[in-house]
Every structure is written in structure tokens, then in C-alpha cells.
$ cat input_5.tsv   # TSV, C-alpha atoms
chain	number	residue	atom	x	y	z
C	1	MET	CA	0.00	0.00	0.00
C	2	GLU	CA	1.26	3.41	-0.76
C	3	MET	CA	0.09	6.79	0.40
C	4	MET	CA	1.18	9.98	-1.17
C	5	SER	CA	1.14	13.60	-0.15
C	6	THR	CA	2.40	16.41	-2.28
C	7	ASN	CA	3.53	18.73	0.47
C	8	GLY	CA	6.54	16.57	1.35
C	9	SER	CA	5.92	16.68	5.11
C	10	THR	CA	5.73	13.07	6.19
C	11	ASP	CA	5.66	12.24	9.87
C	12	GLU	CA	8.92	10.32	10.39
C	13	GLY	CA	7.76	8.50	13.52
C	14	LEU	CA	4.54	7.35	11.92
C	15	LYS	CA	6.49	6.37	8.85
C	16	SER	CA	8.90	4.08	10.68
C	17	GLU	CA	6.08	2.55	12.70
C	18	LEU	CA	4.13	1.77	9.55
C	19	GLY	CA	7.35	0.46	8.01
C	20	ARG	CA	7.61	-2.12	10.80
C	21	GLN	CA	4.10	-3.28	9.94
C	22	GLY	CA	5.12	-3.73	6.31
C	23	ILE	CA	3.44	-0.62	4.97
C	24	VAL	CA	5.52	1.67	2.80
C	25	VAL	CA	4.64	5.33	3.08
C	26	SER	CA	6.21	7.90	0.87
C	27	SER	CA	5.53	11.39	-0.28
C	28	PHE	CA	5.42	12.42	-3.87
C	29	ASN	CA	8.24	14.83	-3.15
C	30	GLU	CA	10.49	11.99	-1.96
C	31	ILE	CA	9.89	9.83	-5.02
C	32	TYR	CA	10.50	12.78	-7.31
C	33	ASN	CA	13.79	13.64	-5.62
C	34	TRP	CA	14.82	10.00	-5.41
C	35	GLY	CA	14.51	9.64	-9.15
C	36	ARG	CA	16.19	12.94	-9.80
C	37	ARG	CA	19.20	12.38	-7.58
C	38	ASN	CA	19.92	8.91	-8.92
C	39	SER	CA	19.97	9.90	-12.58
C	40	VAL	CA	22.01	13.08	-12.75
C	41	TRP	CA	23.56	13.42	-16.20
C	42	PRO	CA	26.70	15.55	-16.16
C	43	MET	CA	27.78	17.57	-19.13
C	44	GLN	CA	30.87	16.31	-20.89
C	45	PHE	CA	33.30	19.15	-20.97
C	46	GLY	CA	36.57	19.86	-19.26
C	47	LEU	CA	38.41	23.13	-18.92
C	48	ALA	CA	41.82	22.24	-17.48
C	49	CYS	CA	43.74	19.66	-15.46
C	50	CYS	CA	40.78	19.04	-13.10
C	51	ALA	CA	39.06	17.46	-16.09
C	52	ILE	CA	41.60	14.63	-15.97
C	53	GLU	CA	40.52	13.88	-12.40
C	54	MET	CA	36.88	14.12	-13.51
C	55	ILE	CA	37.58	11.56	-16.24
C	56	ALA	CA	39.33	9.33	-13.69
C	57	THR	CA	36.23	9.57	-11.48
C	58	THR	CA	34.09	8.13	-14.24
C	59	MET	CA	36.45	5.24	-14.95
C	60	SER	CA	36.34	1.79	-13.35
C	61	ARG	CA	38.55	2.51	-10.34
C	62	PHE	CA	36.29	5.19	-8.88
C	63	ASP	CA	33.19	4.47	-10.97
C	64	LEU	CA	30.81	7.40	-10.75
C	65	ALA	CA	28.21	5.06	-12.31
C	66	ARG	CA	27.56	3.73	-8.81
C	67	PHE	CA	25.77	7.04	-8.17
C	68	GLY	CA	23.82	7.02	-11.42
C	69	ALA	CA	25.91	9.75	-12.99
C	70	GLU	CA	27.93	7.95	-15.62
C	71	VAL	CA	26.03	9.28	-18.62
C	72	PHE	CA	28.14	12.25	-19.61
C	73	ARG	CA	26.29	14.09	-22.36
C	74	PRO	CA	28.11	16.02	-25.06
C	75	SER	CA	25.18	18.41	-25.43
C	76	PRO	CA	23.91	20.83	-22.77
C	77	ARG	CA	20.33	20.07	-23.84
C	78	GLN	CA	20.57	16.60	-22.31
C	79	ALA	CA	22.57	17.45	-19.19
C	80	ASP	CA	21.49	18.18	-15.60
C	81	LEU	CA	24.86	18.83	-14.00
C	82	MET	CA	27.67	21.10	-15.07
C	83	ILE	CA	31.02	20.18	-13.53
C	84	VAL	CA	33.19	23.25	-14.03
C	85	SER	CA	36.44	21.32	-13.96
C	86	GLY	CA	39.32	23.72	-14.17
C	87	THR	CA	40.49	27.22	-14.85
C	88	VAL	CA	37.85	29.47	-16.37
C	89	THR	CA	39.66	31.98	-18.51
C	90	LYS	CA	37.89	35.21	-19.29
C	91	LYS	CA	37.78	34.14	-22.91
C	92	MET	CA	36.00	30.93	-21.92
C	93	ALA	CA	33.63	32.37	-19.31
C	94	PRO	CA	30.95	33.62	-21.77
C	95	GLN	CA	30.78	30.17	-23.37
C	96	VAL	CA	30.44	28.48	-19.98
C	97	VAL	CA	27.54	30.78	-19.05
C	98	ARG	CA	26.02	30.22	-22.48
C	99	LEU	CA	26.22	26.43	-22.09
C	100	TYR	CA	24.72	26.70	-18.60
C	101	ASN	CA	21.83	28.69	-20.03
C	102	GLN	CA	21.18	25.99	-22.60
C	103	MET	CA	20.97	23.15	-20.10
C	104	ALA	CA	17.56	21.73	-19.26
C	105	GLU	CA	15.94	22.61	-15.93
C	106	PRO	CA	16.46	21.66	-13.18
C	107	LYS	CA	20.22	22.06	-13.45
C	108	TYR	CA	23.05	21.95	-10.95
C	109	VAL	CA	26.64	23.16	-10.91
C	110	ILE	CA	29.70	21.73	-9.19
C	111	ALA	CA	32.69	24.10	-9.21
C	112	MET	CA	35.64	21.72	-9.15
C	113	GLY	CA	39.04	22.82	-7.93
C	114	ALA	CA	40.72	25.99	-6.75
C	115	CYS	CA	40.49	27.69	-10.16
C	116	ALA	CA	36.79	27.13	-10.68
C	117	ILE	CA	35.87	28.33	-7.19
C	118	SER	CA	38.21	31.32	-6.93
C	119	GLY	CA	40.73	31.58	-9.76
C	120	GLY	CA	43.20	29.47	-7.79
C	121	PRO	CA	46.90	30.06	-8.45
C	122	PHE	CA	45.97	32.24	-11.43
C	123	LYS	CA	43.77	34.56	-9.37
C	124	GLN	CA	46.16	37.47	-9.87
C	125	GLY	CA	46.24	36.93	-13.60
C	126	TYR	CA	44.54	39.40	-15.87
C	127	ASN	CA	42.93	36.67	-17.97
C	128	VAL	CA	41.45	34.30	-15.39
C	129	LEU	CA	37.97	34.54	-13.93
C	130	LYS	CA	38.07	34.58	-10.13
C	131	GLY	CA	35.45	31.90	-9.68
C	132	ILE	CA	32.60	30.81	-11.93
C	133	ASP	CA	30.13	31.62	-9.14
C	134	ARG	CA	30.35	35.24	-10.25
C	135	TYR	CA	28.08	34.43	-13.17
C	136	ILE	CA	26.13	31.26	-12.45
C	137	PRO	CA	24.73	29.78	-9.22
C	138	VAL	CA	27.06	27.06	-7.91
C	139	ASP	CA	25.61	24.29	-5.75
C	140	VAL	CA	28.81	22.63	-4.52
C	141	HIS	CA	32.35	24.05	-4.33
C	142	ILE	CA	35.30	21.64	-4.09
C	143	PRO	CA	38.72	22.94	-3.08
C	144	GLY	CA	41.90	21.23	-4.24
C	145	CYS	CA	44.44	21.58	-7.00
C	146	PRO	CA	43.27	19.33	-8.49
C	147	PRO	CA	40.76	17.61	-6.17
C	148	ARG	CA	41.11	13.85	-5.97
C	149	PRO	CA	38.34	11.73	-7.53
C	150	GLU	CA	37.18	10.99	-3.99
C	151	ALA	CA	36.61	14.71	-3.52
C	152	LEU	CA	34.49	14.88	-6.67
C	153	ILE	CA	32.50	11.87	-5.49
C	154	HIS	CA	32.03	13.60	-2.14
C	155	ALA	CA	30.83	16.72	-3.92
C	156	PHE	CA	28.46	14.61	-5.94
C	157	MET	CA	27.07	12.96	-2.80
C	158	THR	CA	26.67	16.43	-1.28
C	159	LEU	CA	24.71	17.45	-4.36
C	160	GLN	CA	22.56	14.34	-4.02
C	161	ARG	CA	21.75	15.32	-0.43
C	162	GLN	CA	20.85	18.82	-1.65
C	163	ILE	CA	18.54	17.38	-4.29
C	164	ASP	CA	17.00	15.14	-1.64
C	165	ALA	CA	16.22	18.16	0.53
C	166	GLN	CA	14.46	20.04	-2.27
C	167	VAL	CA	10.76	20.77	-1.83
C	168	LEU	CA	8.51	21.16	-4.84
C	169	THR	CA	6.26	23.83	-3.38
C	170	GLY	CA	6.71	26.96	-1.31
C	171	VAL	CA	9.26	29.73	-1.40
C	172	ALA	CA	12.28	27.39	-1.63
C	173	ARG	CA	10.96	25.47	-4.63
C	174	PRO	CA	13.36	24.88	-7.51
C	175	ARG	CA	13.80	27.58	-10.10
C	176	HIS	CA	12.02	25.74	-12.88
C	177	LEU	CA	8.83	25.56	-10.82
C	178	ASN	CA	9.00	29.28	-10.09
C	179	ALA	CA	7.60	31.18	-13.04
C	180	SER	CA	9.06	34.49	-11.88
C	181	ALA	CA	12.63	33.13	-11.60
C	182	PRO	CA	14.88	33.99	-14.54
C	183	SER	CA	15.31	31.36	-17.22
C	184	GLU	CA	18.70	32.58	-18.37
C	185	PHE	CA	21.67	34.26	-16.79
C	186	PRO	CA	23.23	37.20	-18.63
C	187	ILE	CA	26.32	36.32	-20.65
C	188	PRO	CA	29.26	38.64	-19.98
C	189	GLU	CA	30.82	40.43	-22.91
C	190	PHE	CA	34.39	41.44	-23.67
C	191	GLY	CA	35.01	45.02	-22.61
C	192	ASP	CA	38.16	47.05	-23.17
C	193	HIS	CA	39.97	45.59	-20.17
C	194	ASP	CA	37.71	43.04	-18.56
C	195	LEU	CA	34.49	41.11	-18.86
C	196	LEU	CA	31.41	43.31	-18.59
C	197	PRO	CA	29.74	43.08	-16.18
C	198	SER	CA	32.43	41.73	-13.87
C	199	HIS	CA	29.84	39.65	-12.01
C	200	ASN	CA	26.13	38.96	-11.87
C	201	ARG	CA	24.63	40.88	-8.95
C	202	GLU	CA	21.77	38.37	-8.62
C	203	VAL	CA	24.21	35.50	-8.11
C	204	TRP	CA	27.33	36.85	-6.46
C	205	LYS	CA	27.84	39.42	-3.73
C	206	ALA	CA	31.24	41.04	-3.35
C	207	PRO	CA	32.94	40.24	-0.03
C	208	PRO	CA	32.69	43.14	2.44
C	209	GLY	CA	35.37	45.79	2.10
C	210	ARG	CA	36.11	45.04	-1.52
C	211	SER	CA	34.79	46.39	-4.75
C	212	ALA	CA	33.95	43.60	-7.14
C	213	GLY	CA	34.90	45.43	-10.29
C	214	GLU	CA	38.55	45.71	-9.29
C	215	PRO	CA	40.60	44.00	-11.95
C	216	SER	CA	43.46	43.06	-9.62
C	217	GLU	CA	42.16	42.24	-6.21
O	1	MET	CA	-26.87	-10.42	-39.51
O	2	ASN	CA	-28.45	-9.95	-36.07
O	3	GLY	CA	-25.88	-10.17	-33.29
O	4	GLN	CA	-23.07	-10.57	-35.77
O	5	TYR	CA	-20.33	-8.14	-36.55
O	6	SER	CA	-18.45	-7.73	-39.74
O	7	ALA	CA	-14.65	-8.00	-39.74
O	8	LEU	CA	-14.37	-4.29	-40.46
O	9	GLN	CA	-16.32	-3.38	-37.34
O	10	PHE	CA	-13.92	-5.46	-35.28
O	11	LEU	CA	-11.01	-3.73	-36.96
O	12	SER	CA	-12.43	-0.30	-36.15
O	13	VAL	CA	-12.52	-1.21	-32.45
O	14	PHE	CA	-8.87	-2.19	-32.62
O	15	LEU	CA	-8.07	0.99	-34.49
O	16	VAL	CA	-9.63	3.16	-31.78
O	17	ILE	CA	-7.81	1.29	-29.01
O	18	ALA	CA	-4.51	1.42	-30.88
O	19	THR	CA	-4.87	5.16	-31.44
O	20	LEU	CA	-5.61	5.75	-27.76
O	21	PHE	CA	-2.65	3.54	-26.86
O	22	ALA	CA	-0.38	5.69	-28.96
O	23	ILE	CA	-1.75	9.12	-28.07
O	24	GLY	CA	-2.61	8.51	-24.39
O	25	PRO	CA	0.97	8.32	-23.07
O	26	LEU	CA	1.89	11.38	-25.11
O	27	ILE	CA	-0.91	13.40	-23.54
O	28	ALA	CA	-0.03	12.05	-20.08
O	29	ALA	CA	3.63	13.00	-20.59
O	30	LYS	CA	2.65	16.46	-21.74
O	31	LEU	CA	0.41	17.02	-18.74
O	32	TRP	CA	3.08	15.67	-16.39
O	33	ALA	CA	5.70	17.95	-17.89
O	34	SER	CA	3.51	21.03	-17.77
O	35	TYR	CA	2.89	20.50	-14.06
O	36	PHE	CA	6.19	19.15	-12.74
O	37	SER	CA	8.69	20.44	-15.25
O	38	PRO	CA	7.36	23.52	-17.01
O	39	GLN	CA	9.51	24.85	-19.81
O	40	LYS	CA	11.84	27.71	-19.10
O	41	THR	CA	12.89	28.98	-22.48
O	42	GLY	CA	14.81	31.97	-23.69
O	43	PRO	CA	16.61	33.22	-26.77
O	44	ILE	CA	19.93	31.62	-25.78
O	45	LYS	CA	18.36	28.31	-24.86
O	46	ASN	CA	16.50	28.17	-28.15
O	47	ALA	CA	19.54	29.12	-30.20
O	48	ALA	CA	20.73	26.59	-32.75
O	49	TYR	CA	24.36	26.99	-31.78
O	50	GLU	CA	25.46	25.59	-28.45
O	51	CYS	CA	28.90	27.12	-28.30
O	52	GLY	CA	31.71	28.08	-30.60
O	53	VAL	CA	31.80	30.71	-33.27
O	54	GLU	CA	28.88	31.25	-35.63
O	55	ALA	CA	29.67	30.55	-39.27
O	56	THR	CA	30.26	33.49	-41.55
O	57	GLY	CA	30.07	33.76	-45.34
O	58	ASP	CA	28.56	31.44	-47.89
O	59	ALA	CA	29.28	27.74	-48.36
O	60	TRP	CA	28.70	28.03	-52.14
O	61	GLN	CA	32.24	28.99	-53.03
O	62	GLN	CA	34.02	28.38	-56.33
O	63	PHE	CA	37.09	26.19	-56.41
O	64	ARG	CA	40.24	27.34	-58.15
O	65	SER	CA	40.41	25.96	-61.69
O	66	GLU	CA	44.02	24.81	-61.14
O	67	TYR	CA	42.65	21.74	-59.42
O	68	TYR	CA	42.07	20.07	-62.83
O	69	LEU	CA	45.80	19.27	-62.89
O	70	TYR	CA	45.36	17.12	-59.79
O	71	ALA	CA	42.48	15.33	-61.50
O	72	ILE	CA	44.62	14.51	-64.57
O	73	VAL	CA	47.60	13.29	-62.55
O	74	PHE	CA	45.29	11.24	-60.35
O	75	LEU	CA	43.82	9.54	-63.45
O	76	ILE	CA	47.27	8.68	-64.81
O	77	PHE	CA	48.95	7.40	-61.68
O	78	ASP	CA	46.03	5.90	-59.82
O	79	VAL	CA	43.14	4.89	-62.06
O	80	GLU	CA	45.35	3.76	-64.91
O	81	THR	CA	47.47	1.59	-62.61
O	82	VAL	CA	44.33	-0.20	-61.43
O	83	PHE	CA	43.47	-1.06	-65.05
O	84	LEU	CA	47.01	-2.03	-66.03
O	85	MET	CA	47.13	-4.91	-63.57
O	86	PRO	CA	44.26	-7.00	-65.05
O	87	PHE	CA	45.49	-5.98	-68.49
O	88	ALA	CA	48.89	-7.52	-67.79
O	89	VAL	CA	47.35	-10.70	-66.31
O	90	ALA	CA	45.05	-11.30	-69.31
O	91	PHE	CA	47.52	-10.11	-71.95
O	92	GLY	CA	48.16	-13.56	-73.51
O	93	LYS	CA	44.48	-14.31	-74.09
O	94	LEU	CA	43.44	-10.93	-75.52
O	95	THR	CA	41.82	-10.59	-78.93
O	96	ILE	CA	43.07	-7.93	-81.34
O	97	GLY	CA	39.98	-5.77	-80.66
O	98	ALA	CA	40.44	-5.86	-76.91
O	99	PHE	CA	44.15	-5.10	-77.25
O	100	LEU	CA	43.40	-2.06	-79.45
O	101	ALA	CA	40.74	-0.78	-77.00
O	102	ILE	CA	43.16	-0.97	-74.08
O	103	ALA	CA	45.99	0.51	-76.15
O	104	VAL	CA	43.82	3.52	-77.03
O	105	PHE	CA	42.90	3.96	-73.34
O	106	VAL	CA	46.53	3.77	-72.23
O	107	LEU	CA	47.80	5.99	-75.04
O	108	LEU	CA	45.22	8.68	-74.21
O	109	LEU	CA	46.49	8.76	-70.64
O	110	VAL	CA	50.13	8.64	-71.77
O	111	GLU	CA	49.39	11.66	-73.92
O	112	GLY	CA	48.07	13.38	-70.82
O	113	LEU	CA	51.23	12.37	-68.95
O	114	VAL	CA	53.46	13.80	-71.71
O	115	TRP	CA	51.45	17.00	-71.69
O	116	ALA	CA	51.62	17.36	-67.90
O	117	TRP	CA	55.34	16.58	-67.93
O	118	ALA	CA	55.99	19.22	-70.58
O	119	LYS	CA	53.91	21.71	-68.61
O	120	GLY	CA	56.09	21.13	-65.56
O	121	VAL	CA	53.29	19.81	-63.32
O	122	LEU	CA	55.43	16.92	-62.07
O	123	GLU	CA	58.15	19.20	-60.70
O	124	TRP	CA	58.20	19.68	-56.95
O	125	LYS	CA	57.85	23.35	-56.15

$ encode --input "input_5.tsv" --output "C-alpha cells"
Amino acid sequence: MEMMSTNGSTDEGLKSELGRQGIVVSSFNEIYNWGRRNSVWPMQFGLACCAIEMIATTMSRFDLARFGAEVFRPSPRQADLMIVSGTVTKKMAPQVVRLYNQMAEPKYVIAMGACAISGGPFKQGYNVLKGIDRYIPVDVHIPGCPPRPEALIHAFMTLQRQIDAQVLTGVARPRHLNASAPSEFPIPEFGDHDLLPSHNREVWKAPPGRSAGEPSE
Amino acid sequence: MNGQYSALQFLSVFLVIATLFAIGPLIAAKLWASYFSPQKTGPIKNAAYECGVEATGDAWQQFRSEYYLYAIVFLIFDVETVFLMPFAVAFGKLTIGAFLAIAVFVLLLVEGLVWAWAKGVLEWK
């Protein structure tokens, strides 16, 4: 027997008691998230050396397929997860945002490695973006240079827990169920000296005491 | 005919069921998607190009006419060689007519070779 409620608030005590009697109770929300988290399709693209670790994660030794995420898609139209694996140069950043915009909803982003989360060792460089989270919303950040495959798997499990915690209704519902949420994030353009704008105000807030537009911070 | 049905009437029942079987899941999927996964489209998402640089110019370009030299040299050194092999194998059993036909074919290409040689096509530049 199966009972369903759409609001996602199942009484845990009642649930375990019914479970002991052989009755499975689940909410619609749980089944939806269960399916979603076990079939995340990452997008197949690598930006720098972190991509090698990402490839290693998918191979037999680490085997990302155990988590249902082995189907790397070469097209953003078929992908749910963007793993930003490596240095995002300012020349590459508009394409990354463009590809993110073209992914199907709901979509998630893992920023992999020091470069993708902050610019890493190239942070002082004139041509490296200081973190992809300036333009697109990042769900999980992984430090490391490069992170080990275990770290990527940990990030993926963290993402799975985040997907599990999603609710379909209410204020915190996912973006694709919120008609007023933006469908696309603005793509930066090449200015005279830097990308314009230097960050997306909706996504990224400058740390206190710093101006975000500073080219060499 | 009372209480009996013709074969066509039976078929029409199957047709209706088959149509519903085909269309029903499509409608269900559409309803499901509109409720649980409504489309979020935009000009970038609907763009034909995913990434990279958009193509410029026209694909209908003219080739340089000098390429006919490559065609002639290809005929002499590639196509002719393919025909020379069976010609050599069957040489002893050939009739006079067949020998003349092949000789004309080879001589035409040899003429082309002489012409290309005189024109300096074979020189490495």
C-alpha cells in the first residue's frame, strides 16, 4: 500500500512505525527527488587539469556510475549537471555561461578545484575569472588543486543530499517551478579591459570591504 | 446479420484502441511535464548553436580551376594503374579488338602524362 502527499511533510515516527508493519509510506516529493538524484547526467566538458581527475572519477577505479551519474552528455540540452572542472579563462567564461543557459531545468553546478571556485593560483592573472560563481549559481564548491576523484564523489554525494532536501512547493521550490525566476543568466561580454559586467549581482555578492569590479584584487 | 459483426467493425474497435494507446501516453507525458517540469525557455536556450563561433560567409564557393591538374595526374597514376594490372594478367588471351581498345585507353592517358610533364606539373615546387 502506498500513500502519497504532495507537500513533502511526512511524519517520520509514523512512517517508521508503519514500516515495521510492512506498509511503505512515501511522499510524492520523496519519489521525485529519489529519481532525480539517482539519474544526474553531467555535461561532458573539461576546462583544465581538473578534467583529468573528472575523467578518472568516471572510470572503473572510482566508478561514478555507482551514483547514477555515468552518462556524460556532449550536449547541454541533455545534461542536468555542469562540472566546471578547471580554470575558467575570461575568454572561456561567456561560453560556460552560455552552455549553462542551454541546459535543461532543473540544473546543478559543481565548481571543481581551486580555479573554478576562486581563480586558484591564477587569481592574480589578468585573464582568469576569479570563480565561476560570479556568473552562475554554484551548488557545490570543491577545493583542491586538483581535487582527488574521492573529492568529486564527495561533492556529488553532497549534491545528491541537496537534491533530496528540495521541496517542490513553497518559497524554496526549484527555479524551474517558479515562473518568476529567470530562465537565463546574462552572458558577460568582452570590454576594453575586462568582462562586462564583472559579475552577476543576482548570483554573487562582493565580499565586504572590496569592490567587485577591481581587476586586480 | 443480427448479433453478428463484420470484420471491419472489429477492426475499427482495434483501431480506436490502438490510437488511444499511442496518443494517451503522449498526452499524459505532456500534462506531467507542464505541471512538474514547465519549460523555461529563452533566446539563448532556443539558439541553434550551443557554443563556438557562428559561421560566416557562404558555403557556395568556387574552387580554383588549377585543381584540374590534380584530376589529370590522379587519373594517370592511380586509375590507370588499377586497369594495367588485369590488363597484364590477361595479356596472352586478348583478342586484337580488346588489345586495341586498351591501347587507345593507355595511349590517351600517356598523352596526358606527356602534356603534364611538358607543362612542368610533375616538378616539386

$ interface_residues --input "input_5.tsv" --of "chain O" --to "chain C" --cutoff "12 Å" --atoms "all atoms listed in the file" --output "ChimeraX atom specification"
/O:33-53

$ residues_around --input "input_5.tsv" --residues "range 113-124 of chain O" --least-positions-apart "3" --cutoff "8 Å" --atoms "only C-alpha atoms" --output "ChimeraX atom specification"
/O:69,73,76,109-110

$ closest_residue --input "input_5.tsv" --among "C:Leu129, C:Leu64, C:Ile142, C:Val171" --to "Leu196 in chain C" --atoms "all atoms listed in the file"
C:Leu129

$ axis_aligned_box --input "input_5.tsv" --around "range 175-187 of chain C" --padding-each-side "4 Å" --output "lines of an AutoDock Vina configuration file"
center_x = 17.0
center_y = 31.4
center_z = -15.4
size_x = 26.7
size_y = 19.6
size_z = 18.6

$ atom_distance --input "input_5.tsv" --atom1 "CA of Trp41 in chain C" --atom2 "CA of Trp32 in chain O"
20.6 Å

$ closest_residue --input "input_5.tsv" --among "O:Ile27, O:Val106, O:Ser12, O:Gln4" --to "Phe77 in chain O" --atoms "only C-alpha atoms"
O:Val106

$ build_atoms --input "input_5.tsv" --residues "range 14-35 of chain O" --atoms "N, CA and C atoms" --output "mmCIF file, in the frame of the given file"
data_model
loop_
_atom_site.group_PDB
_atom_site.id
_atom_site.type_symbol
_atom_site.label_atom_id
_atom_site.label_comp_id
_atom_site.auth_asym_id
_atom_site.auth_seq_id
_atom_site.Cartn_x
_atom_site.Cartn_y
_atom_site.Cartn_z
ATOM 1 N N PHE O 14 -10.321 -2.124 -32.839
ATOM 2 C CA PHE O 14 -8.870 -2.190 -32.620
ATOM 3 C C PHE O 14 -8.186 -0.887 -32.973
ATOM 4 N N LEU O 15 -8.684 -0.268 -34.054
ATOM 5 C CA LEU O 15 -8.070 0.990 -34.490
ATOM 6 C C LEU O 15 -8.190 2.059 -33.410
ATOM 7 N N VAL O 16 -9.414 2.148 -32.823
ATOM 8 C CA VAL O 16 -9.630 3.160 -31.780
ATOM 9 C C VAL O 16 -8.709 2.889 -30.585
ATOM 10 N N ILE O 17 -8.645 1.624 -30.175
ATOM 11 C CA ILE O 17 -7.810 1.290 -29.010
ATOM 12 C C ILE O 17 -6.337 1.567 -29.320
ATOM 13 N N ALA O 18 -5.909 1.204 -30.522
ATOM 14 C CA ALA O 18 -4.510 1.420 -30.880
ATOM 15 C C ALA O 18 -4.167 2.906 -30.896
ATOM 16 N N THR O 19 -5.117 3.715 -31.403
ATOM 17 C CA THR O 19 -4.870 5.160 -31.440
ATOM 18 C C THR O 19 -4.740 5.716 -30.025
ATOM 19 N N LEU O 20 -5.692 5.277 -29.146
ATOM 20 C CA LEU O 20 -5.610 5.750 -27.760
ATOM 21 C C LEU O 20 -4.304 5.300 -27.110
ATOM 22 N N PHE O 21 -3.882 4.083 -27.426
ATOM 23 C CA PHE O 21 -2.650 3.540 -26.860
ATOM 24 C C PHE O 21 -1.446 4.376 -27.268
ATOM 25 N N ALA O 22 -1.512 4.905 -28.482
ATOM 26 C CA ALA O 22 -0.380 5.690 -28.960
ATOM 27 C C ALA O 22 -0.436 7.119 -28.427
ATOM 28 N N ILE O 23 -1.647 7.694 -28.409
ATOM 29 C CA ILE O 23 -1.750 9.120 -28.070
ATOM 30 C C ILE O 23 -1.810 9.322 -26.553
ATOM 31 N N GLY O 24 -2.430 8.362 -25.833
ATOM 32 C CA GLY O 24 -2.610 8.510 -24.390
ATOM 33 C C GLY O 24 -1.340 8.828 -23.633
ATOM 34 N N PRO O 25 -0.285 8.017 -23.793
ATOM 35 C CA PRO O 25 0.970 8.320 -23.070
ATOM 36 C C PRO O 25 1.556 9.678 -23.446
ATOM 37 N N LEU O 26 1.364 10.067 -24.709
ATOM 38 C CA LEU O 26 1.890 11.380 -25.110
ATOM 39 C C LEU O 26 1.182 12.491 -24.346
ATOM 40 N N ILE O 27 -0.150 12.369 -24.270
ATOM 41 C CA ILE O 27 -0.910 13.400 -23.540
ATOM 42 C C ILE O 27 -0.532 13.376 -22.066
ATOM 43 N N ALA O 28 -0.403 12.161 -21.497
ATOM 44 C CA ALA O 28 -0.030 12.050 -20.080
ATOM 45 C C ALA O 28 1.335 12.686 -19.837
ATOM 46 N N ALA O 29 2.286 12.431 -20.756
ATOM 47 C CA ALA O 29 3.630 13.000 -20.590
ATOM 48 C C ALA O 29 3.594 14.510 -20.674
ATOM 49 N N LYS O 30 2.747 15.013 -21.575
ATOM 50 C CA LYS O 30 2.650 16.460 -21.740
ATOM 51 C C LYS O 30 2.072 17.113 -20.486
ATOM 52 N N LEU O 31 1.016 16.481 -19.954
ATOM 53 C CA LEU O 31 0.410 17.020 -18.740
ATOM 54 C C LEU O 31 1.393 16.962 -17.576
ATOM 55 N N TRP O 32 2.085 15.841 -17.460
ATOM 56 C CA TRP O 32 3.080 15.670 -16.390
ATOM 57 C C TRP O 32 4.146 16.766 -16.496
ATOM 58 N N ALA O 33 4.634 16.978 -17.702
ATOM 59 C CA ALA O 33 5.700 17.950 -17.890
ATOM 60 C C ALA O 33 5.212 19.360 -17.582
ATOM 61 N N SER O 34 3.981 19.661 -17.981
ATOM 62 C CA SER O 34 3.510 21.030 -17.770
ATOM 63 C C SER O 34 3.335 21.320 -16.288
ATOM 64 N N TYR O 35 3.078 20.273 -15.482
ATOM 65 C CA TYR O 35 2.890 20.500 -14.060
ATOM 66 C C TYR O 35 4.198 20.419 -13.277
#
